[in-house]
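Coordinates as given in structure_36.tsv (TSV, N, CA, C and O atoms and all ligand atoms):
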chain	number	residue	atom	x	y	z
A	22	MET	N	-14.49	5.08	-7.86
A	22	MET	CA	-13.24	4.37	-8.19
A	22	MET	C	-12.05	5.16	-7.65
A	22	MET	O	-11.88	6.33	-7.97
A	23	LEU	N	-11.27	4.51	-6.82
A	23	LEU	CA	-10.05	5.15	-6.33
A	23	LEU	C	-8.93	4.84	-7.32
A	23	LEU	O	-8.92	3.80	-7.96
A	24	ILE	N	-7.98	5.75	-7.39
A	24	ILE	CA	-6.86	5.58	-8.31
A	24	ILE	C	-5.54	5.66	-7.55
A	24	ILE	O	-5.32	6.59	-6.78
A	25	ILE	N	-4.72	4.66	-7.75
A	25	ILE	CA	-3.36	4.67	-7.23
A	25	ILE	C	-2.44	4.92	-8.42
A	25	ILE	O	-2.52	4.22	-9.42
A	26	GLU	N	-1.60	5.91	-8.31
A	26	GLU	CA	-0.63	6.16	-9.38
A	26	GLU	C	0.75	5.69	-8.92
A	26	GLU	O	1.19	6.05	-7.84
A	27	VAL	N	1.37	4.91	-9.77
A	27	VAL	CA	2.72	4.43	-9.48
A	27	VAL	C	3.65	4.99	-10.53
A	27	VAL	O	3.41	4.87	-11.73
A	28	CYS	N	4.70	5.62	-10.06
A	28	CYS	CA	5.66	6.22	-11.00
A	28	CYS	C	6.39	5.13	-11.77
A	28	CYS	O	6.89	4.17	-11.18
A	29	VAL	N	6.41	5.28	-13.08
A	29	VAL	CA	7.16	4.36	-13.92
A	29	VAL	C	8.26	5.10	-14.67
A	29	VAL	O	8.71	4.67	-15.72
A	30	GLY	N	8.66	6.24	-14.09
A	30	GLY	CA	9.82	6.94	-14.62
A	30	GLY	C	11.05	6.04	-14.49
A	30	GLY	O	11.02	5.03	-13.77
A	31	SER	N	12.12	6.38	-15.17
A	31	SER	CA	13.25	5.44	-15.26
A	31	SER	C	13.83	5.08	-13.90
A	31	SER	O	14.14	3.92	-13.64
A	32	SER	N	13.93	6.03	-13.00
A	32	SER	CA	14.49	5.74	-11.68
A	32	SER	C	13.60	4.77	-10.92
A	32	SER	O	14.06	3.77	-10.37
A	33	CYS	N	12.32	5.07	-10.86
A	33	CYS	CA	11.39	4.20	-10.13
A	33	CYS	C	11.26	2.85	-10.82
A	33	CYS	O	11.12	1.82	-10.16
A	34	TYR	N	11.29	2.87	-12.13
A	34	TYR	CA	11.19	1.59	-12.85
A	34	TYR	C	12.32	0.67	-12.44
A	34	TYR	O	12.11	-0.50	-12.12
A	35	LEU	N	13.53	1.23	-12.42
A	35	LEU	CA	14.70	0.41	-12.06
A	35	LEU	C	14.66	0.00	-10.59
A	35	LEU	O	15.26	-1.00	-10.22
A	36	ARG	N	13.98	0.76	-9.77
A	36	ARG	CA	13.94	0.46	-8.33
A	36	ARG	C	12.74	-0.40	-7.94
A	36	ARG	O	12.47	-0.55	-6.76
A	37	GLY	N	12.02	-0.90	-8.94
A	37	GLY	CA	11.02	-1.90	-8.61
A	37	GLY	C	9.58	-1.56	-8.92
A	37	GLY	O	8.67	-2.24	-8.42
A	38	ALA	N	9.32	-0.53	-9.74
A	38	ALA	CA	7.93	-0.18	-10.05
A	38	ALA	C	7.12	-1.38	-10.58
A	38	ALA	O	5.98	-1.58	-10.15
A	39	PRO	N	7.67	-2.21	-11.48
A	39	PRO	CA	6.86	-3.33	-11.96
A	39	PRO	C	6.45	-4.28	-10.82
A	39	PRO	O	5.32	-4.77	-10.80
A	40	GLU	N	7.36	-4.51	-9.88
A	40	GLU	CA	7.03	-5.40	-8.75
A	40	GLU	C	5.99	-4.76	-7.84
A	40	GLU	O	5.07	-5.43	-7.36
A	41	VAL	N	6.13	-3.46	-7.60
A	41	VAL	CA	5.16	-2.76	-6.75
A	41	VAL	C	3.77	-2.80	-7.40
A	41	VAL	O	2.77	-3.06	-6.75
A	42	ILE	N	3.72	-2.57	-8.70
A	42	ILE	CA	2.43	-2.60	-9.41
A	42	ILE	C	1.82	-4.00	-9.34
A	42	ILE	O	0.63	-4.15	-9.04
A	43	ALA	N	2.62	-5.02	-9.58
A	43	ALA	CA	2.09	-6.39	-9.55
A	43	ALA	C	1.54	-6.72	-8.16
A	43	ALA	O	0.47	-7.33	-8.02
A	44	SER	N	2.26	-6.32	-7.14
A	44	SER	CA	1.81	-6.61	-5.78
A	44	SER	C	0.54	-5.84	-5.44
A	44	SER	O	-0.38	-6.38	-4.83
A	45	LEU	N	0.48	-4.58	-5.84
A	45	LEU	CA	-0.73	-3.79	-5.59
A	45	LEU	C	-1.92	-4.39	-6.33
A	45	LEU	O	-3.04	-4.41	-5.80
A	46	GLN	N	-1.69	-4.87	-7.53
A	46	GLN	CA	-2.79	-5.49	-8.28
A	46	GLN	C	-3.33	-6.71	-7.55
A	46	GLN	O	-4.54	-6.93	-7.47
A	47	LYS	N	-2.45	-7.51	-6.96
A	47	LYS	CA	-2.89	-8.67	-6.18
A	47	LYS	C	-3.70	-8.23	-4.97
A	47	LYS	O	-4.73	-8.83	-4.65
A	48	LEU	N	-3.21	-7.20	-4.29
A	48	LEU	CA	-3.92	-6.71	-3.10
A	48	LEU	C	-5.31	-6.20	-3.47
A	48	LEU	O	-6.28	-6.41	-2.74
A	49	ILE	N	-5.41	-5.53	-4.62
A	49	ILE	CA	-6.72	-5.02	-5.06
A	49	ILE	C	-7.66	-6.19	-5.35
A	49	ILE	O	-8.82	-6.16	-4.94
A	50	VAL	N	-7.18	-7.21	-6.02
A	50	VAL	CA	-8.02	-8.37	-6.32
A	50	VAL	C	-8.50	-9.02	-5.03
A	50	VAL	O	-9.64	-9.43	-4.91
A	51	GLU	N	-7.61	-9.09	-4.04
A	51	GLU	CA	-7.98	-9.73	-2.77
A	51	GLU	C	-8.97	-8.90	-1.96
A	51	GLU	O	-9.87	-9.43	-1.33
A	52	HIS	N	-8.76	-7.57	-1.94
A	52	HIS	CA	-9.49	-6.74	-0.98
A	52	HIS	C	-10.58	-5.86	-1.60
A	52	HIS	O	-11.53	-5.50	-0.91
A	53	ALA	N	-10.42	-5.49	-2.84
A	53	ALA	CA	-11.35	-4.51	-3.40
A	53	ALA	C	-11.43	-4.63	-4.92
A	53	ALA	O	-11.17	-3.67	-5.64
A	54	PRO	N	-11.82	-5.80	-5.42
A	54	PRO	CA	-11.84	-5.95	-6.88
A	54	PRO	C	-12.78	-4.95	-7.53
A	54	PRO	O	-13.91	-4.76	-7.07
A	55	GLY	N	-12.29	-4.30	-8.55
A	55	GLY	CA	-13.11	-3.36	-9.31
A	55	GLY	C	-13.30	-2.00	-8.67
A	55	GLY	O	-14.00	-1.16	-9.21
A	56	ARG	N	-12.69	-1.79	-7.53
A	56	ARG	CA	-12.91	-0.51	-6.83
A	56	ARG	C	-11.69	0.39	-6.84
A	56	ARG	O	-11.76	1.55	-6.43
A	57	ILE	N	-10.58	-0.15	-7.26
A	57	ILE	CA	-9.34	0.66	-7.28
A	57	ILE	C	-8.66	0.40	-8.62
A	57	ILE	O	-8.57	-0.74	-9.08
A	58	GLU	N	-8.18	1.47	-9.20
A	58	GLU	CA	-7.46	1.35	-10.48
A	58	GLU	C	-6.01	1.79	-10.25
A	58	GLU	O	-5.75	2.74	-9.51
A	59	ILE	N	-5.10	1.10	-10.91
A	59	ILE	CA	-3.69	1.50	-10.86
A	59	ILE	C	-3.33	2.14	-12.20
A	59	ILE	O	-3.65	1.60	-13.25
A	60	LYS	N	-2.68	3.28	-12.10
A	60	LYS	CA	-2.20	3.94	-13.31
A	60	LYS	C	-0.71	4.20	-13.17
A	60	LYS	O	-0.24	4.52	-12.08
A	61	GLY	N	0.00	4.10	-14.26
A	61	GLY	CA	1.40	4.49	-14.27
A	61	GLY	C	1.49	5.99	-14.49
A	61	GLY	O	0.60	6.59	-15.11
A	62	THR	N	2.51	6.59	-13.96
A	62	THR	CA	2.70	8.01	-14.18
A	62	THR	C	4.18	8.29	-14.42
A	62	THR	O	5.05	7.50	-14.03
A	63	PHE	N	4.45	9.40	-15.06
A	63	PHE	CA	5.84	9.78	-15.29
A	63	PHE	C	6.45	10.30	-13.99
A	63	PHE	O	5.76	10.40	-12.96
A	64	CYS	N	7.71	10.66	-14.04
A	64	CYS	CA	8.46	11.05	-12.85
A	64	CYS	C	7.69	12.09	-12.03
A	64	CYS	O	7.25	13.11	-12.54
A	65	LEU	N	7.55	11.80	-10.75
A	65	LEU	CA	6.86	12.70	-9.83
A	65	LEU	C	7.85	13.60	-9.11
A	65	LEU	O	7.50	14.25	-8.13
A	66	GLU	N	9.07	13.59	-9.57
A	66	GLU	CA	10.14	14.45	-9.04
A	66	GLU	C	10.39	14.19	-7.56
A	66	GLU	O	10.70	15.10	-6.80
A	67	LYS	N	10.25	12.93	-7.19
A	67	LYS	CA	10.57	12.50	-5.82
A	67	LYS	C	11.53	11.31	-5.87
A	67	LYS	O	11.51	10.46	-4.99
A	68	CYS	N	12.35	11.28	-6.89
A	68	CYS	CA	13.30	10.18	-7.03
A	68	CYS	C	14.14	10.11	-5.76
A	68	CYS	O	14.63	11.12	-5.28
A	69	THR	N	14.26	8.92	-5.23
A	69	THR	CA	15.05	8.74	-4.01
A	69	THR	C	16.14	7.73	-4.27
A	69	THR	O	16.22	7.16	-5.36
A	70	GLN	N	16.94	7.50	-3.27
A	70	GLN	CA	17.99	6.50	-3.41
A	70	GLN	C	17.41	5.09	-3.45
A	70	GLN	O	18.06	4.17	-3.90
A	71	GLN	N	16.21	4.96	-2.92
A	71	GLN	CA	15.59	3.64	-2.85
A	71	GLN	C	14.12	3.76	-3.19
A	71	GLN	O	13.50	4.79	-2.94
A	72	GLY	N	13.57	2.68	-3.68
A	72	GLY	CA	12.12	2.57	-3.78
A	72	GLY	C	11.47	3.37	-4.90
A	72	GLY	O	12.11	3.99	-5.73
A	73	VAL	N	10.17	3.29	-4.86
A	73	VAL	CA	9.30	3.76	-5.93
A	73	VAL	C	8.38	4.83	-5.36
A	73	VAL	O	7.98	4.77	-4.21
A	74	THR	N	8.02	5.81	-6.18
A	74	THR	CA	7.10	6.84	-5.73
A	74	THR	C	5.67	6.47	-6.11
A	74	THR	O	5.39	6.10	-7.24
A	75	VAL	N	4.80	6.58	-5.12
A	75	VAL	CA	3.38	6.28	-5.32
A	75	VAL	C	2.59	7.52	-4.93
A	75	VAL	O	2.92	8.20	-3.96
A	76	ARG	N	1.53	7.82	-5.71
A	76	ARG	CA	0.65	8.94	-5.38
A	76	ARG	C	-0.76	8.41	-5.21
A	76	ARG	O	-1.26	7.65	-6.03
A	77	PHE	N	-1.39	8.86	-4.14
A	77	PHE	CA	-2.75	8.40	-3.86
A	77	PHE	C	-3.52	9.55	-3.22
A	77	PHE	O	-3.10	10.10	-2.20
A	78	GLN	N	-4.61	9.91	-3.83
A	78	GLN	CA	-5.46	11.00	-3.36
A	78	GLN	C	-4.66	12.28	-3.09
A	78	GLN	O	-4.84	12.94	-2.07
A	79	GLY	N	-3.76	12.59	-3.99
A	79	GLY	CA	-2.99	13.83	-3.90
A	79	GLY	C	-1.81	13.75	-2.96
A	79	GLY	O	-1.04	14.71	-2.86
A	80	ARG	N	-1.66	12.64	-2.26
A	80	ARG	CA	-0.52	12.49	-1.36
A	80	ARG	C	0.55	11.65	-2.04
A	80	ARG	O	0.24	10.66	-2.70
A	81	VAL	N	1.79	12.07	-1.85
A	81	VAL	CA	2.89	11.39	-2.52
A	81	VAL	C	3.69	10.60	-1.48
A	81	VAL	O	4.04	11.13	-0.42
A	82	PHE	N	3.94	9.34	-1.81
A	82	PHE	CA	4.70	8.44	-0.93
A	82	PHE	C	5.96	8.02	-1.67
A	82	PHE	O	5.92	7.09	-2.49
A	83	PRO	N	7.07	8.67	-1.44
A	83	PRO	CA	8.31	8.29	-2.12
A	83	PRO	C	8.98	7.11	-1.40
A	83	PRO	O	8.71	6.84	-0.23
A	84	GLY	N	9.84	6.44	-2.11
A	84	GLY	CA	10.69	5.42	-1.49
A	84	GLY	C	9.96	4.16	-1.07
A	84	GLY	O	10.38	3.51	-0.11
A	85	VAL	N	8.90	3.79	-1.78
A	85	VAL	CA	8.21	2.53	-1.46
A	85	VAL	C	9.00	1.39	-2.09
A	85	VAL	O	9.09	1.27	-3.31
A	86	GLU	N	9.58	0.58	-1.24
A	86	GLU	CA	10.38	-0.55	-1.74
A	86	GLU	C	9.47	-1.72	-2.08
A	86	GLU	O	8.44	-1.92	-1.41
A	87	PRO	N	9.83	-2.52	-3.08
A	87	PRO	CA	9.07	-3.74	-3.30
A	87	PRO	C	9.01	-4.53	-1.98
A	87	PRO	O	10.03	-4.72	-1.31
A	88	GLY	N	7.83	-4.92	-1.60
A	88	GLY	CA	7.63	-5.60	-0.31
A	88	GLY	C	6.99	-4.68	0.72
A	88	GLY	O	6.42	-5.14	1.70
A	89	GLU	N	7.08	-3.38	0.51
A	89	GLU	CA	6.48	-2.43	1.45
A	89	GLU	C	5.08	-1.99	1.02
A	89	GLU	O	4.41	-1.28	1.76
A	90	GLU	N	4.66	-2.40	-0.16
A	90	GLU	CA	3.38	-1.92	-0.66
A	90	GLU	C	2.20	-2.46	0.15
A	90	GLU	O	1.17	-1.80	0.25
A	91	THR	N	2.36	-3.63	0.78
A	91	THR	CA	1.27	-4.15	1.62
A	91	THR	C	1.01	-3.21	2.79
A	91	THR	O	-0.14	-2.90	3.12
A	92	GLN	N	2.08	-2.73	3.39
A	92	GLN	CA	1.95	-1.80	4.51
A	92	GLN	C	1.26	-0.51	4.05
A	92	GLN	O	0.36	0.01	4.72
A	93	LEU	N	1.68	0.01	2.90
A	93	LEU	CA	1.06	1.22	2.36
A	93	LEU	C	-0.42	0.98	2.08
A	93	LEU	O	-1.27	1.81	2.41
A	94	PHE	N	-0.72	-0.16	1.50
A	94	PHE	CA	-2.10	-0.50	1.15
A	94	PHE	C	-2.97	-0.55	2.41
A	94	PHE	O	-4.06	0.02	2.45
A	95	GLU	N	-2.47	-1.23	3.43
A	95	GLU	CA	-3.27	-1.38	4.66
A	95	GLU	C	-3.40	-0.07	5.42
A	95	GLU	O	-4.44	0.20	6.01
A	96	LYS	N	-2.35	0.72	5.41
A	96	LYS	CA	-2.35	1.93	6.23
A	96	LYS	C	-3.05	3.11	5.55
A	96	LYS	O	-3.71	3.92	6.20
A	97	GLU	N	-2.91	3.22	4.25
A	97	GLU	CA	-3.40	4.42	3.55
A	97	GLU	C	-4.59	4.15	2.62
A	97	GLU	O	-5.47	4.98	2.48
A	98	ILE	N	-4.58	3.02	1.97
A	98	ILE	CA	-5.56	2.80	0.91
A	98	ILE	C	-6.84	2.14	1.43
A	98	ILE	O	-7.94	2.59	1.12
A	99	LEU	N	-6.70	1.11	2.24
A	99	LEU	CA	-7.90	0.47	2.77
A	99	LEU	C	-8.77	1.43	3.58
A	99	LEU	O	-9.99	1.43	3.41
A	100	PRO	N	-8.21	2.27	4.45
A	100	PRO	CA	-9.06	3.22	5.17
A	100	PRO	C	-9.81	4.17	4.22
A	100	PRO	O	-10.98	4.48	4.44
A	101	ALA	N	-9.16	4.60	3.16
A	101	ALA	CA	-9.82	5.49	2.19
A	101	ALA	C	-10.93	4.74	1.46
A	101	ALA	O	-11.97	5.30	1.15
A	102	LEU	N	-10.70	3.46	1.23
A	102	LEU	CA	-11.69	2.64	0.54
A	102	LEU	C	-12.96	2.50	1.37
A	102	LEU	O	-14.07	2.58	0.85
A	103	SER	N	-12.79	2.35	2.66
A	103	SER	CA	-13.97	2.17	3.51
A	103	SER	C	-14.78	3.46	3.58
A	103	SER	O	-15.97	3.42	3.91
A	104	ALA	N	-14.16	4.59	3.28
A	104	ALA	CA	-14.89	5.86	3.26
A	104	ALA	C	-15.59	6.11	1.93
A	104	ALA	O	-16.40	7.03	1.82
A	105	GLU	N	-15.27	5.29	0.92
A	105	GLU	CA	-15.86	5.45	-0.42
A	105	GLU	C	-17.17	4.67	-0.52
A	105	GLU	O	-17.23	3.53	-0.04
A	106	PRO	N	-18.19	5.21	-1.14
A	106	PRO	CA	-19.38	4.41	-1.38
A	106	PRO	C	-19.07	3.30	-2.39
A	106	PRO	O	-18.29	3.50	-3.31
A	107	GLU	N	-19.67	2.12	-2.19
A	107	GLU	CA	-19.41	1.00	-3.12
A	107	GLU	C	-20.15	1.18	-4.43
A	107	GLU	O	-21.16	1.79	-4.50
A	201	LIG	S1	11.35	8.48	-11.60
A	201	LIG	FE1	9.81	8.18	-10.06
A	201	LIG	S2	9.84	9.99	-8.89
A	201	LIG	FE2	11.30	10.29	-10.43
Can the structure in the file be given as structure tokens, please?
Amino acid sequence: MLIIEVCVGSSCYLRGAPEVIASLQKLIVEHAPGRIEIKGTFCLEKCTQQGVTVRFQGRVFPGVEPGEETQLFEKEILPALSAEPE
């Protein structure tokens, strides 16, 4: 099981964390149901002027704007998924 952590600290929450989580959940259902879990996390100390901070496999992606999560999913998460045993 892969885990995506989405910051739900106050800054990220206001900058769209709920929308990013909802969109990631849809992508997981479409591409990898039951193989990826989303967890909320407190401030990852990468608050930016825009977007939400996401952590995946120890890598931190700050500034993910609602609408950009598909790109993150396709570029970073799907390749990692194909390396994971089902
Ligand atoms: S509130 Fe998300 S990185 Fe600080």
> Once you count all atoms listed in the file, which residues end up no further than 6 Å from (2.3, -1.9, -3.2) in the file's frame, shown as an NGL selection string?
Replying inline: :A and (41-42 or 44-45 or 89-91 or 94)
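Using only C-alpha atoms for every distance, the candidate list A:Leu99, A:Ile24, A:Ile49, A:Val81 yields A:Val81 as the residue closest to Cys68 in chain A.
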>> ligand LIG 201 (chain A): which residues are within 8 Å, counting only N, CA, C and O atoms and all ligand atoms? Reply as a list of chain:residue names.
In response: A:Val27, A:Cys28, A:Val29, A:Gly30, A:Ser31, A:Ser32, A:Cys33, A:Tyr34, A:Leu35, A:Thr62, A:Phe63, A:Cys64, A:Leu65, A:Glu66, A:Lys67, A:Cys68, A:Thr69, A:Gly72, A:Val73, A:Thr74, A:Val75, A:Pro83, A:Gly84
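Between Glu97 in chain A and the residues A:Arg80, A:His52, A:Lys47, A:Lys60, the shortest atom-to-atom distance, using only C-alpha atoms, involves A:Arg80.
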> In Å, how far is it from atom O of Glu40 in chain A to atom N of Glu107 in chain A?
Replying inline: 26.4 Å
